[in-house]
Amino acid sequence: MLEIKFKEFVDIVKRLRKECPWDKEQTNESIKAATLEEAYETVHAIDENNFDELKKELGDLLFHIAFHTAIAEEINEFTFEEVIDEISAKLIRRHPHVFSNLEVSGTEEIKRNWETIKLQEGRTSILEGVPPTMPAIMRAHRLQEKASKVGFDWDAIADVKKKVNEELDELQIEIDNNQIEKAEEEFGDLLFSLINLSRFLNINPETALRKTTNKFEKRFTYIEKKLAEQNKKITDVDLKEMDKYWDESKTLE
């Protein structure tokens, strides 16, 4: 049944490419931003623990995967079957503890084996496979994880905290000296160190920052709402009044 439904779905995508003027005009390049947007919407549904939305967003994401593949198939680059064969072979190859008789001690050994297998596939660096277009915090976290899997890491969380404090002191020196260009570099070093700290705390920094940003947005819009109830604009009040409603919003959380 699943195989039949997937074929019907692919046929729908291919028909859109033939009969819908808008769909016919699209290329892998033209829809790449929308593909990324669908991925973010999927993540948002997960963050909200909203399975109804997650079901819909996964469908949208699946459509983009099928649409990209249909475009590639039309220009004889690759087929749906090749996409499926490629990922199936990769999953089997990278999970010898499941599909072969390799015994492992736990998750950490599985992750180390994963990186070793990828090198055997032809990669020249452990750090390959992390796209430069990735959000900077996510990319830093992923690169650190990859280096850690081969032993390039801090020994203890105390060392990481010490490094964070060192970077903060160095940033402060450049700020005091009004060296903005150097301050930018030190600020980046501080962020990188904080991301290292997040790994040792088993916190995903992207998720943590997203939650804090959402919290800021919620509190700020509460300020706007309370002012609007008094027919006031946020541009017409001072910080003291805004802070009053900011603190009020915190008590409601």
# chains A, B, ... in the order shown; residues from 1 in each chain; ligands from 1
>>> residues_around(residues="Met138 in chain A", least_positions_apart="3", cutoff="10 Å", atoms="only C-alpha atoms", output="number ranges by chain")
A: 130, 134-135, 141-144, 195, 204-207
>>> residues_around(residues="range 208-210 of chain A", least_positions_apart="4", cutoff="12 Å", atoms="only C-alpha atoms", output="PDB file with C-alpha atoms, in the first residue's frame")
ATOM      1  CA  TYR A  40      12.250  25.554   9.162  1.00  0.00           C
ATOM      2  CA  VAL A  43      11.300  22.408  12.930  1.00  0.00           C
ATOM      3  CA  HIS A  44       8.784  24.948  14.254  1.00  0.00           C
ATOM      4  CA  ASP A  47       9.229  22.873  18.733  1.00  0.00           C
ATOM      5  CA  ILE A 137      25.540  28.735  15.270  1.00  0.00           C
ATOM      6  CA  MET A 138      24.400  25.390  13.875  1.00  0.00           C
ATOM      7  CA  LEU A 191      30.295  32.818  20.755  1.00  0.00           C
ATOM      8  CA  LEU A 194      29.833  29.410  24.419  1.00  0.00           C
ATOM      9  CA  ILE A 195      28.790  26.877  21.790  1.00  0.00           C
ATOM     10  CA  SER A 198      26.605  24.160  25.281  1.00  0.00           C
ATOM     11  CA  ARG A 199      27.929  20.822  24.019  1.00  0.00           C
ATOM     12  CA  LEU A 201      25.962  20.844  28.972  1.00  0.00           C
ATOM     13  CA  ASN A 202      24.190  18.767  26.303  1.00  0.00           C
ATOM     14  CA  ILE A 203      22.276  21.859  25.181  1.00  0.00           C
ATOM     15  CA  ASN A 204      21.628  22.571  21.519  1.00  0.00           C
ATOM     16  CA  ASN A 214      10.755  33.612  20.915  1.00  0.00           C
ATOM     17  CA  LYS A 215      10.543  34.631  24.577  1.00  0.00           C
ATOM     18  CA  PHE A 216      11.790  38.127  23.717  1.00  0.00           C
ATOM     19  CA  GLU A 217       9.256  38.410  20.893  1.00  0.00           C
TER      20      GLU A 217
END
>>> atom_distance(atom1="CA of Asp159 in chain A", atom2="CA of Thr212 in chain A")
25.8 Å
>>> closest_residue(among="A:Ile4, A:Leu197, A:Ile31, A:Ala228", to="Ala158 in chain A", atoms="only C-alpha atoms")
A:Leu197
>>> closest_atom_pairs(of="range 143-228 of chain A", to="range 103-118 of chain A", cutoff="12 Å", atoms="only C-alpha atoms", output="JSON lines")
{"residue": "A:Glu145", "atom": "CA", "partner": "A:Lys111", "partner_atom": "CA", "distance": 9.9}
{"residue": "A:Lys146", "atom": "CA", "partner": "A:Glu115", "partner_atom": "CA", "distance": 7.7}
{"residue": "A:Ala147", "atom": "CA", "partner": "A:Glu115", "partner_atom": "CA", "distance": 9.8}
{"residue": "A:Ser148", "atom": "CA", "partner": "A:Arg112", "partner_atom": "CA", "distance": 9.3}
{"residue": "A:Lys149", "atom": "CA", "partner": "A:Arg112", "partner_atom": "CA", "distance": 5.5}
{"residue": "A:Val150", "atom": "CA", "partner": "A:Arg112", "partner_atom": "CA", "distance": 6.8}
{"residue": "A:Gly151", "atom": "CA", "partner": "A:Arg112", "partner_atom": "CA", "distance": 9.6}
>>> write_last_selection(atoms="C-alpha atoms", output="PDB file, in the first residue's frame")
ATOM      1  CA  GLU A 145      30.843  17.782  17.292  1.00  0.00           C
ATOM      2  CA  LYS A 146      32.709  16.281  14.364  1.00  0.00           C
ATOM      3  CA  ALA A 147      36.129  17.253  15.761  1.00  0.00           C
ATOM      4  CA  SER A 148      35.116  15.914  19.171  1.00  0.00           C
ATOM      5  CA  LYS A 149      34.343  12.473  17.750  1.00  0.00           C
ATOM      6  CA  VAL A 150      38.030  11.965  16.926  1.00  0.00           C
ATOM      7  CA  GLY A 151      39.255  13.257  20.287  1.00  0.00           C
TER       8      GLY A 151
END
